[in-house]
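> Sending over structure_9.tsv (TSV, C-alpha atoms and all ligand atoms).
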```tsv
chain	number	residue	atom	x	y	z
I	1	MET	CA	246.76	30.05	211.32
I	2	VAL	CA	243.97	29.46	213.87
I	3	GLU	CA	244.60	29.97	217.55
I	4	THR	CA	242.58	30.51	220.65
I	5	ALA	CA	243.82	31.33	224.13
I	6	ALA	CA	241.87	30.83	227.35
I	7	LEU	CA	238.68	30.69	225.30
I	8	VAL	CA	235.49	30.53	227.35
I	9	LYS	CA	231.90	30.31	226.16
I	10	ARG	CA	229.08	30.29	228.66
I	11	TYR	CA	225.43	29.62	227.97
I	12	GLY	CA	223.92	31.02	231.17
I	13	SER	CA	225.86	29.39	234.00
I	14	HIS	CA	226.98	26.44	231.84
I	15	ALA	CA	230.51	26.64	230.41
I	16	ALA	CA	230.32	25.01	226.96
I	17	LEU	CA	234.01	25.94	226.45
I	18	ASP	CA	236.24	26.33	229.45
I	19	GLY	CA	239.75	27.68	228.78
I	20	VAL	CA	240.46	26.26	225.32
I	21	ASP	CA	243.93	26.89	223.83
I	22	LEU	CA	243.61	25.66	220.26
I	23	ALA	CA	246.49	25.72	217.78
I	24	VAL	CA	245.86	24.79	214.16
I	25	PRO	CA	248.89	25.20	211.86
I	26	ALA	CA	248.31	26.70	208.40
I	27	GLY	CA	247.61	24.11	205.70
I	28	SER	CA	246.96	21.31	208.18
I	29	ILE	CA	243.94	19.11	208.71
I	30	TYR	CA	242.77	19.22	212.31
I	31	GLY	CA	240.27	16.77	213.74
I	32	LEU	CA	238.13	17.85	216.63
I	33	VAL	CA	236.63	14.92	218.49
I	34	GLY	CA	234.62	14.60	221.64
I	35	PRO	CA	231.45	13.08	223.00
I	36	ASN	CA	228.04	14.69	222.51
I	37	GLY	CA	227.86	18.09	224.13
I	38	ALA	CA	231.65	18.43	224.49
I	39	GLY	CA	231.62	21.82	222.76
I	40	LYS	CA	232.72	21.02	219.20
I	41	THR	CA	229.94	22.91	217.43
I	42	THR	CA	230.35	25.83	219.80
I	43	LEU	CA	234.08	26.01	219.09
I	44	LEU	CA	233.59	25.83	215.31
I	45	GLY	CA	230.90	28.51	215.60
I	46	ILE	CA	233.30	30.84	217.41
I	47	LEU	CA	236.09	30.23	214.89
I	48	SER	CA	233.68	31.05	212.07
I	49	GLY	CA	232.56	34.24	213.79
I	50	LEU	CA	228.95	33.06	214.09
I	51	ARG	CA	229.10	32.82	217.88
I	52	ARG	CA	230.72	35.23	220.30
I	53	PRO	CA	233.09	34.01	222.98
I	54	THR	CA	232.36	35.00	226.57
I	55	SER	CA	236.08	35.66	227.08
I	56	GLY	CA	239.47	34.73	225.68
I	57	ILE	CA	241.35	35.36	222.48
I	58	VAL	CA	240.60	34.09	218.98
I	59	ARG	CA	243.06	34.59	216.14
I	60	VAL	CA	242.08	33.46	212.65
I	61	ASP	CA	244.74	34.29	210.13
I	62	ALA	CA	242.65	34.17	206.93
I	63	VAL	CA	240.87	36.61	204.65
I	64	PRO	CA	237.29	36.72	206.04
I	65	GLY	CA	235.74	36.01	202.63
I	66	ARG	CA	237.85	32.87	202.35
I	67	VAL	CA	236.61	31.29	205.56
I	68	VAL	CA	233.86	28.77	204.89
I	69	THR	CA	231.74	27.00	207.49
I	70	LEU	CA	229.69	23.91	206.72
I	71	PRO	CA	227.04	22.92	209.28
I	72	ASP	CA	226.27	19.21	209.74
I	73	THR	CA	222.86	19.56	208.11
I	74	PRO	CA	223.30	22.13	205.34
I	75	ARG	CA	220.14	23.63	203.83
I	76	PHE	CA	219.65	25.09	200.39
I	77	ASP	CA	216.75	26.61	198.46
I	78	SER	CA	214.85	23.53	197.34
I	79	TRP	CA	214.05	24.80	193.83
I	80	LEU	CA	217.71	25.19	192.84
I	81	THR	CA	219.57	22.34	191.17
I	82	GLY	CA	222.79	21.03	192.66
I	83	ARG	CA	224.74	22.61	189.84
I	84	GLU	CA	223.07	25.99	190.47
I	85	VAL	CA	223.93	25.82	194.19
I	86	VAL	CA	227.60	25.16	193.45
I	87	ALA	CA	227.70	27.78	190.67
I	88	LEU	CA	226.14	30.33	193.02
I	89	ALA	CA	228.72	29.52	195.70
I	90	ALA	CA	231.51	29.94	193.14
I	91	HIS	CA	230.03	33.26	192.04
I	92	LEU	CA	229.72	34.55	195.62
I	93	ALA	CA	233.29	33.51	196.45
I	94	GLY	CA	234.58	35.31	193.35
I	95	PRO	CA	237.89	34.53	191.67
I	96	PRO	CA	239.83	32.32	192.02
I	97	ALA	CA	236.82	29.99	192.40
I	98	GLY	CA	237.24	26.41	191.25
I	99	ASN	CA	235.59	24.62	188.37
I	100	VAL	CA	231.94	23.81	189.12
I	101	ASP	CA	231.78	20.63	187.02
I	102	ALA	CA	235.03	19.29	188.43
I	103	VAL	CA	233.84	19.85	192.00
I	104	LEU	CA	230.51	18.13	191.25
I	105	VAL	CA	232.44	15.10	189.98
I	106	GLU	CA	234.80	15.13	192.97
I	107	THR	CA	231.90	15.13	195.41
I	108	GLY	CA	230.04	12.37	193.55
I	109	LEU	CA	227.16	14.60	192.47
I	110	ALA	CA	227.71	14.73	188.70
I	111	ASP	CA	224.71	12.46	187.95
I	112	ALA	CA	222.38	14.37	190.27
I	113	ALA	CA	223.68	17.82	189.40
I	114	ASP	CA	220.64	18.86	187.34
I	115	ARG	CA	218.04	17.66	189.82
I	116	ARG	CA	216.41	20.06	192.26
I	117	VAL	CA	217.98	19.82	195.70
I	118	GLY	CA	214.51	19.54	197.33
I	119	GLY	CA	214.67	15.87	196.33
I	120	TYR	CA	218.20	15.23	197.62
I	121	SER	CA	218.82	12.76	200.45
I	122	ARG	CA	220.62	13.89	203.61
I	123	GLY	CA	223.84	12.32	202.38
I	124	MET	CA	223.52	14.12	199.05
I	125	LEU	CA	222.92	17.42	200.84
I	126	GLN	CA	226.10	16.84	202.80
I	127	ARG	CA	228.02	16.20	199.59
I	128	LEU	CA	226.47	19.33	198.09
I	129	GLY	CA	227.46	21.35	201.14
I	130	LEU	CA	231.01	20.19	200.72
I	131	ALA	CA	230.94	20.96	196.99
I	132	ALA	CA	229.64	24.48	197.65
I	133	SER	CA	232.31	24.91	200.35
I	134	VAL	CA	235.35	23.83	198.38
I	135	VAL	CA	234.41	25.45	195.06
I	136	GLY	CA	235.32	28.86	196.48
I	137	GLU	CA	238.86	27.62	197.21
I	138	PRO	CA	238.69	28.63	200.88
I	139	GLU	CA	241.73	29.37	202.99
I	140	LEU	CA	240.00	27.99	206.07
I	141	LEU	CA	237.33	25.34	205.98
I	142	LEU	CA	235.35	24.59	209.15
I	143	LEU	CA	233.35	21.38	208.79
I	144	ASP	CA	230.89	20.19	211.43
I	145	GLU	CA	230.53	16.40	211.13
I	146	PRO	CA	231.00	16.46	207.35
I	147	ALA	CA	230.49	12.73	206.85
I	148	SER	CA	227.85	11.93	209.47
I	149	ALA	CA	225.07	11.13	206.96
I	150	LEU	CA	227.18	9.28	204.44
I	151	ASP	CA	227.51	5.57	203.77
I	152	PRO	CA	231.02	4.03	203.88
I	153	ALA	CA	231.68	4.74	200.19
I	154	GLY	CA	230.53	8.32	200.59
I	155	ARG	CA	232.69	8.76	203.68
I	156	ARG	CA	235.66	7.47	201.72
I	157	GLU	CA	235.06	10.09	199.00
I	158	VAL	CA	234.68	12.90	201.50
I	159	LEU	CA	237.87	11.88	203.32
I	160	ASP	CA	239.77	11.71	200.04
I	161	LEU	CA	238.50	15.16	199.17
I	162	ILE	CA	239.54	16.56	202.54
I	163	ALA	CA	242.94	14.89	202.23
I	164	ARG	CA	243.44	16.56	198.85
I	165	LEU	CA	242.94	19.96	200.49
I	166	ARG	CA	246.05	19.42	202.61
I	167	GLY	CA	248.51	22.20	201.96
I	168	HIS	CA	245.94	24.23	199.96
I	169	ALA	CA	243.55	25.03	202.78
I	170	THR	CA	243.48	24.73	206.54
I	171	VAL	CA	240.71	22.35	207.53
I	172	VAL	CA	239.18	21.92	210.97
I	173	PHE	CA	236.54	19.23	211.13
I	174	SER	CA	234.59	17.66	213.92
I	175	SER	CA	233.62	14.04	213.88
I	176	HIS	CA	232.27	11.20	215.93
I	177	ILE	CA	233.76	8.77	213.46
I	178	LEU	CA	237.16	8.41	215.01
I	179	ALA	CA	238.57	6.17	212.32
I	180	ASP	CA	238.04	9.05	209.88
I	181	VAL	CA	239.96	11.43	212.09
I	182	GLN	CA	242.71	8.88	212.57
I	183	GLU	CA	243.04	8.49	208.84
I	184	VAL	CA	243.04	12.03	207.57
I	185	CYS	CA	244.12	14.44	210.30
I	186	ASP	CA	247.57	15.86	210.94
I	187	ARG	CA	246.57	16.98	214.40
I	188	ILE	CA	243.82	15.99	216.76
I	189	GLY	CA	242.08	17.87	219.53
I	190	ILE	CA	239.96	16.00	222.05
I	191	LEU	CA	237.27	17.99	223.82
I	192	ARG	CA	235.54	16.84	226.95
I	193	ASP	CA	233.11	18.99	228.91
I	194	GLY	CA	234.39	22.12	227.19
I	195	ARG	CA	238.06	21.43	227.91
I	196	LEU	CA	240.68	20.49	225.36
I	197	ILE	CA	242.09	17.46	227.16
I	198	PHE	CA	244.54	16.58	224.39
I	199	GLN	CA	245.98	18.35	221.38
I	200	GLY	CA	248.75	17.03	219.16
I	201	THR	CA	249.61	14.47	216.52
I	202	LEU	CA	248.21	10.98	216.43
I	203	ASP	CA	251.59	9.54	217.44
I	204	GLU	CA	251.76	11.84	220.44
I	205	LEU	CA	248.26	10.74	221.41
I	206	LEU	CA	248.98	7.04	221.19
I	207	VAL	CA	252.39	6.93	222.84
I	208	GLY	CA	252.13	5.37	226.28
I	209	ARG	CA	248.36	5.23	226.21
I	210	ALA	CA	247.11	2.37	224.09
I	211	THR	CA	247.47	-1.10	225.58
I	212	PRO	CA	249.78	-3.12	223.36
I	213	ALA	CA	248.18	-6.13	221.70
I	214	TYR	CA	249.01	-8.81	219.19
I	215	ARG	CA	246.59	-10.03	216.54
I	216	VAL	CA	246.94	-13.73	215.82
I	217	ARG	CA	245.26	-15.55	212.90
I	218	LEU	CA	245.11	-19.34	213.14
I	219	ARG	CA	243.76	-21.89	210.69
I	220	THR	CA	243.24	-24.51	213.45
I	221	GLY	CA	243.85	-24.78	217.18
I	222	GLN	CA	242.17	-21.55	218.19
I	223	ASP	CA	240.59	-23.02	221.34
I	224	ARG	CA	243.82	-24.64	222.54
I	225	ALA	CA	245.81	-21.50	221.84
I	226	GLU	CA	243.27	-19.32	223.64
I	227	ALA	CA	243.30	-21.54	226.73
I	228	LEU	CA	247.09	-21.66	226.84
I	229	LEU	CA	247.46	-17.94	226.28
I	230	ARG	CA	245.08	-17.14	229.14
I	231	ARG	CA	247.44	-18.98	231.50
I	232	GLN	CA	250.48	-16.85	230.62
I	233	ALA	CA	251.52	-14.23	233.14
I	234	TRP	CA	252.50	-11.80	230.35
I	235	VAL	CA	249.07	-11.97	228.69
I	236	THR	CA	246.65	-9.36	230.01
I	237	SER	CA	243.59	-10.33	227.92
I	238	VAL	CA	242.47	-12.56	225.06
I	239	ARG	CA	239.60	-11.56	222.82
I	240	ILE	CA	238.18	-13.44	219.82
I	241	ASP	CA	237.59	-11.17	216.84
I	242	GLY	CA	236.21	-13.17	213.91
I	243	ASN	CA	238.96	-15.59	212.92
I	244	ASP	CA	241.56	-13.75	214.97
I	245	LEU	CA	242.66	-13.78	218.57
I	246	VAL	CA	243.53	-10.35	219.92
I	247	VAL	CA	246.03	-10.88	222.69
I	248	GLY	CA	246.64	-8.04	225.12
I	249	VAL	CA	250.23	-8.14	226.38
I	250	GLY	CA	252.20	-6.46	229.14
I	251	THR	CA	254.80	-5.31	226.64
I	252	LEU	CA	255.39	-6.01	222.97
I	253	ASP	CA	258.74	-7.41	224.02
I	254	ASP	CA	256.97	-10.17	226.00
I	255	ALA	CA	254.95	-11.10	222.92
I	256	GLU	CA	258.03	-11.13	220.71
I	257	SER	CA	259.80	-13.45	223.16
I	258	HIS	CA	256.99	-15.86	224.08
I	259	LEU	CA	254.06	-15.77	221.66
I	260	ALA	CA	255.50	-18.03	218.97
I	261	GLY	CA	256.40	-20.64	221.62
I	262	VAL	CA	252.86	-20.74	223.03
I	263	LEU	CA	251.33	-21.08	219.56
I	264	ALA	CA	253.72	-23.94	218.83
I	265	GLU	CA	252.83	-25.60	222.14
I	266	ALA	CA	249.14	-25.37	221.20
I	267	ALA	CA	249.99	-27.11	217.89
I	268	ALA	CA	248.05	-24.36	216.16
I	269	LYS	CA	248.35	-23.76	212.44
I	270	VAL	CA	249.48	-20.15	212.27
I	271	VAL	CA	248.43	-18.00	209.31
I	272	GLY	CA	250.02	-14.88	210.73
I	273	PHE	CA	250.49	-12.66	213.74
I	274	GLY	CA	251.78	-9.21	214.47
I	275	PRO	CA	251.34	-6.20	216.72
I	276	GLN	CA	247.94	-4.60	216.48
I	277	ASP	CA	247.89	-0.93	215.62
I	278	ALA	CA	246.71	1.08	218.55
I	279	HIS	CA	243.39	2.60	217.67
I	280	LEU	CA	242.31	6.10	218.44
I	281	GLU	CA	238.95	4.71	219.49
I	282	ASP	CA	240.49	2.90	222.49
I	283	VAL	CA	242.44	5.96	223.55
I	284	PHE	CA	239.44	8.19	223.03
I	285	LEU	CA	237.33	6.01	225.31
I	286	GLU	CA	240.13	5.88	227.86
I	287	LEU	CA	240.33	9.68	227.91
I	288	THR	CA	236.67	10.61	227.70
I	289	THR	CA	234.93	8.08	229.94
F	301	LIG	N1	222.55	27.93	222.04
F	301	LIG	C1	222.75	27.25	223.15
F	301	LIG	N2	222.14	27.57	224.31
F	301	LIG	C2	222.36	26.90	225.46
F	301	LIG	N3	223.21	25.85	225.56
F	301	LIG	C3	223.85	25.47	224.45
F	301	LIG	C4	223.66	26.13	223.18
F	301	LIG	N4	224.45	25.53	222.26
F	301	LIG	C5	225.09	24.55	222.91
F	301	LIG	N5	224.73	24.50	224.21
F	301	LIG	C6	225.26	23.58	225.23
F	301	LIG	O1	226.68	23.67	225.22
F	301	LIG	C7	227.29	22.41	225.31
F	301	LIG	C8	228.17	22.16	224.10
F	301	LIG	O2	227.33	22.01	222.95
F	301	LIG	P1	227.90	21.79	221.49
F	301	LIG	O3	226.73	21.71	220.56
F	301	LIG	O4	228.95	22.78	221.19
F	301	LIG	O5	228.58	20.34	221.65
F	301	LIG	P2	229.03	19.30	220.53
F	301	LIG	O6	230.32	18.75	221.02
F	301	LIG	O7	228.99	19.93	219.19
F	301	LIG	O8	227.90	18.20	220.65
F	301	LIG	P3	227.33	17.18	219.53
F	301	LIG	O9	228.42	16.20	219.27
F	301	LIG	O10	226.15	16.57	220.23
F	301	LIG	O11	226.95	17.98	218.32
F	301	LIG	C9	226.15	21.41	225.47
F	301	LIG	O12	225.99	21.16	226.85
F	301	LIG	C10	224.96	22.12	224.90
F	301	LIG	O13	223.77	21.69	225.52
```
How does this structure look as structure tokens?

Amino acid sequence: MVETAALVKRYGSHAALDGVDLAVPAGSIYGLVGPNGAGKTTLLGILSGLRRPTSGIVRVDAVPGRVVTLPDTPRFDSWLTGREVVALAAHLAGPPAGNVDAVLVETGLADAADRRVGGYSRGMLQRLGLAASVVGEPELLLLDEPASALDPAGRREVLDLIARLRGHATVVFSSHILADVQEVCDRIGILRDGRLIFQGTLDELLVGRATPAYRVRLRTGQDRAEALLRRQAWVTSVRIDGNDLVVGVGTLDDAESHLAGVLAEAAAKVVGFGPQDAHLEDVFLELTT
């Protein structure tokens, strides 16, 4: 649905994108992550047609009028109400636009819908941008940091909304909030210094990269258990995280064979333990720093 080949974008002598081969399947949700200045906004700008590539191929398989781009700080005429903004977007998109009221509810703006947007907070403007984007039932939705100004509840709503678009629209969104990408994306692309250093599914990203670890919750005996664990050859690290011990291990097999024995030796009262899910954040840091 969206592909680039050997895509290069130079600003003067600086290559903001340097040979990017992007592949976004139709109907999927694609998360673009990378540190500041990695080239995410530039890439989204090229896909939307707002910026020109220096060289390379861009193929966007969507009707141009059904490609919607949402910048991270959307702006609207301040005298319009939220409802008017969304209604205008629906009108401009033409049929088969979605239901304005339903979209306002979905984006959490129903109560503020009749207020002028000049008085909206940044988070509300982001919700409004999303409402105006989805109401036109786009084929391709390009979202630049769509949840950056939102509180955790707002982020949750935005992620749910994006997840509901799966199969109906192709979504490419950039984010610094890696947990969001981990949760909602089918595929992930990691940009660093203008290069796509990884592209694939979350499983493909994590395999062989994240250090295996066990999370152990004890009611008593945490100190004894920590001291004993640190002496084990198969333990690579021990970190205290609230009430839990996070135990880095050479292999999960080592932990399965020896962990219960060490906890018993420490006479700890064990509430529970199990392998810790590898987090994208760790892998991201490993790859980008
Ligand atoms: N219009 C421009 N003129 C000159 N340089 C630019 C321009 N836009 C971006 N750049 C440079 O290109 C590089 C990539 O910028 P871009 O905004 O695409 O990164 P980003 O990954 O979106 O960053 P952020 O996460 O901070 O938004 C940066 O080094 C930036 O300074």
> Excluding segment 171-188 of chain I and any residue of its chain fewer than 5 positions from it, enumerate the residues within 10 Å of it, using all atoms listed in the file, and give them as a PyMOL selection string.
chain I and resi 2+23-36+40-41+43-44+47+68-70+72+138-148+155-156+158-160+162-166+198-205+279-282+284
> Please measure the separation of atom CA of Ala267 of chain I and atom CA of Glu226 of chain I, giving the value in Å to one decimal.
11.8 Å
> Closest to ligand LIG 301 (chain F) among I:Ala93, I:Gly194, I:Glu157, I:Leu259, using all atoms listed in the file?
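Going through I:Ala93, I:Gly194, I:Glu157, I:Leu259 one by one, the smallest distance to ligand LIG 301 (chain F) is for I:Gly194.
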> Just to confirm, what's the straight-line distance from atom CA of Ser121 of chain I to atom O10 of ligand LIG 301 (chain F) in Å (one decimal)?
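Interatomic distance here is 21.4 Å.
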> For Leu218 of chain I, please output as JSON, numbers by chain all residues within 10 Å (counting all atoms listed in the file; exclusion window: fewer than 5 positions along the same chain).
{"I": [225, 243, 244, 245, 263, 268, 269, 270, 271, 272, 273]}
> With only C-alpha atoms and all ligand atoms as the basis for distance, which of I:Leu150, I:Leu50, I:Val135, I:Ala255 is at the shortest distance from ligand LIG 301 (chain F)?
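Closest to ligand LIG 301 (chain F) of all the choices is I:Leu50.
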> Which is closer to ligand LIG 301 (chain F) than all the others in I:Tyr120, I:Tyr11, I:Phe76, I:Tyr214, using all atoms listed in the file?
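So, comparing all the options, the nearest one is I:Tyr11.
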> Neighbours of Gly250 of chain I within 10 Å (only C-alpha atoms; same-chain residues fewer than 6 positions away dropped), as a ChimeraX atom specification?
/I:211-213,233-237
> With distances taken over all atoms listed in the file, which of I:Pro74, I:Glu137, I:Pro275, I:Leu285 is nearest to Thr170 of chain I?
I:Glu137
> Do you know which residues are at most 7 Å from Asp193 of chain I counting all atoms listed in the file, after dropping those on the same chain fewer than 5 positions away, and could you put them as a list in words?
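My reading of the contact set: Ala16, Ala38 and Gly39 of chain I.
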> Measuring atom to atom with all atoms listed in the file, identify which of I:Gly37, I:Gly129, I:Gly19, I:Pro95 is nearest to Pro71 of chain I.
I:Gly129
> Quick one: residues within 8 Å of segment 102-116 of chain I, all atoms listed in the file, excluding same-chain residues fewer than 4 positions away - as an MDAnalysis selection string?
chainID I and resid 78:83 86 98 120 124 127:128 130:131 134:135 157:158 161
> Please measure the separation of atom CA of Glu286 of chain I and atom CA of Leu191 of chain I, giving the value in Å to one decimal.
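According to the coordinates, atom CA of Glu286 of chain I and atom CA of Leu191 of chain I are separated by 13.1 Å.
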> Select, from I:Ala87, I:Val247, I:Ala169, I:Leu17, the residue with the minimum atom-to-atom distance to ligand LIG 301 (chain F), counting only C-alpha atoms and all ligand atoms.
I:Leu17
